[in-house]
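One structure is given below, encoded as structure tokens.
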Amino acid sequence: MSALDKLREPMARILRRPAARIAAWWERLAPRERRGISVLGVAILTVGFIAATSYTMNRIGDLQDENAAIRDALGAIAQHRDEYLEAKARNAVQEARIGNDPPQLTADLETAARGENVQIAESSERPAVPAGRRYVEHDMDIKIRETDLQSLTKFLKRVETGPRLVFFTRLSLKHRYSDDSGKLDVELTATAFERVREDKIKKKPEGPEKR
């Protein structure tokens, strides 16, 4: 005798008595009561079937909406792939311009000024500050006296298109009204970034050890 047969016999004995009681109870019911219980049972099954069907259809609708959203996202990625690759290439170029060494703002600005015949009257470098976990920001305030707009424009372009990533975050122009030469006094803030070496990136402090 198989294990299934051994299990079937005790289960049949266990279920035989409740089944007999239900059958006897059903036989004692009047025909009207039987019809009422049958109608109630059919109603319960119908409601359960409708609920299960409704849930299934809603789930199918949700899956269809999710699939449509995925298809739209994939279509957008494919449509803007060239733009993404172009932006990624630009970011790579900027990363290369930042480098791992501290920026030489004084030397870069002086070199650009000499190239465009611009005189830097004053310069003051601010303390370096963290810019996220991967970078350190360096800022330098400079003052330029008696320059014309064309020379200033060329100076700004030479600095921002140089080999190192330097750009200006503040620009203030003052016109000299004492003469008609069109000369300007300019105050600027030049900003550059330094990438922190991986071995110097500090890990987040861990919380106090639980005892």
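Scheme for the structure tokens: letters A, B, ... for chains in order shown; per-chain residue numbers from 1; ligand numbers from 1 in order shown.
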Query raised in the report: Got a sec: who's within 7 Å of segment 163-175 of chain A, counting only C-alpha atoms, leaving out chain neighbours fewer than 4 positions off, as an NGL selection string?
Result: :A and (94 or 97-98 or 159 or 183-192)
How would the residues just picked look written out with C-alpha atoms as an mmCIF file, in the first residue's frame?
```
data_model
loop_
_atom_site.group_PDB
_atom_site.id
_atom_site.type_symbol
_atom_site.label_atom_id
_atom_site.label_comp_id
_atom_site.auth_asym_id
_atom_site.auth_seq_id
_atom_site.Cartn_x
_atom_site.Cartn_y
_atom_site.Cartn_z
ATOM 1 C CA GLN A 94 34.958 68.956 -18.134
ATOM 2 C CA ARG A 97 39.799 69.866 -17.352
ATOM 3 C CA ILE A 98 39.255 69.788 -13.583
ATOM 4 C CA VAL A 159 39.855 82.242 -19.175
ATOM 5 C CA LYS A 183 36.642 102.724 -19.655
ATOM 6 C CA LEU A 184 35.226 100.328 -17.051
ATOM 7 C CA ASP A 185 36.173 99.275 -13.545
ATOM 8 C CA VAL A 186 35.325 95.591 -13.092
ATOM 9 C CA GLU A 187 35.031 93.303 -10.085
ATOM 10 C CA LEU A 188 34.836 89.557 -10.706
ATOM 11 C CA THR A 189 34.938 86.255 -8.878
ATOM 12 C CA ALA A 190 36.671 83.395 -10.666
ATOM 13 C CA THR A 191 35.798 79.850 -9.591
ATOM 14 C CA ALA A 192 37.608 76.564 -10.174
#
```
Query raised in the report: Within 8 Å of Glu194 of chain A, counting only C-alpha atoms, which residues qualify if same-chain residues fewer than 5 places away don't, as a PyMOL selection string?
Result: chain A and resi 98-103+135-138
Take the residues just selected and output them with N, CA and C atoms as a PDB file, in the first residue's frame.
```pdb
ATOM      1  N   ILE A  98      39.141  69.550 -15.019  1.00  0.00           N
ATOM      2  CA  ILE A  98      39.255  69.788 -13.583  1.00  0.00           C
ATOM      3  C   ILE A  98      40.560  69.208 -13.050  1.00  0.00           C
ATOM      4  N   GLY A  99      40.805  67.933 -13.360  1.00  0.00           N
ATOM      5  CA  GLY A  99      42.036  67.302 -12.919  1.00  0.00           C
ATOM      6  C   GLY A  99      42.062  67.051 -11.418  1.00  0.00           C
ATOM      7  N   ASN A 100      43.193  66.500 -10.947  1.00  0.00           N
ATOM      8  CA  ASN A 100      43.357  66.161  -9.535  1.00  0.00           C
ATOM      9  C   ASN A 100      44.233  67.153  -8.780  1.00  0.00           C
ATOM     10  N   ASP A 101      44.906  68.049  -9.497  1.00  0.00           N
ATOM     11  CA  ASP A 101      45.801  68.998  -8.851  1.00  0.00           C
ATOM     12  C   ASP A 101      45.060  70.288  -8.519  1.00  0.00           C
ATOM     13  N   PRO A 102      45.492  70.990  -7.468  1.00  0.00           N
ATOM     14  CA  PRO A 102      44.846  72.261  -7.131  1.00  0.00           C
ATOM     15  C   PRO A 102      44.955  73.252  -8.288  1.00  0.00           C
ATOM     16  N   PRO A 103      43.908  73.999  -8.584  1.00  0.00           N
ATOM     17  CA  PRO A 103      43.968  74.959  -9.685  1.00  0.00           C
ATOM     18  C   PRO A 103      44.903  76.116  -9.368  1.00  0.00           C
ATOM     19  N   TYR A 135      34.659  67.099  -4.648  1.00  0.00           N
ATOM     20  CA  TYR A 135      35.342  68.280  -5.161  1.00  0.00           C
ATOM     21  C   TYR A 135      35.599  69.296  -4.054  1.00  0.00           C
ATOM     22  N   VAL A 136      36.594  70.165  -4.319  1.00  0.00           N
ATOM     23  CA  VAL A 136      36.893  71.313  -3.476  1.00  0.00           C
ATOM     24  C   VAL A 136      36.791  72.545  -4.354  1.00  0.00           C
ATOM     25  N   GLU A 137      36.089  73.568  -3.867  1.00  0.00           N
ATOM     26  CA  GLU A 137      35.887  74.790  -4.652  1.00  0.00           C
ATOM     27  C   GLU A 137      36.915  75.845  -4.269  1.00  0.00           C
ATOM     28  N   HIS A 138      37.517  76.471  -5.299  1.00  0.00           N
ATOM     29  CA  HIS A 138      38.474  77.558  -5.107  1.00  0.00           C
ATOM     30  C   HIS A 138      37.908  78.812  -5.768  1.00  0.00           C
TER      31      HIS A 138
END
```
Query raised in the report: atom CA of Arg145 of chain A and atom CA of Glu122 of chain A, how far apart in Å?
Result: 9.1 Å
Report task. Mind the document's chain letters and residue numbers, and return as a VMD selection string the residues of chain A that DSSP labels helix (DSSP H, G or I). Result -> chain A and resid 3 to 28 31 to 79 81 to 98 105 to 115 149 to 160 198 to 200
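Taking atom CA of Thr161 of chain A as the reference point, atom CA of Ser123 of chain A is found at 20.7 Å.
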Report summary line: atom CA of Ile120 of chain A to atom CA of Arg195 of chain A measures 27.4 Å
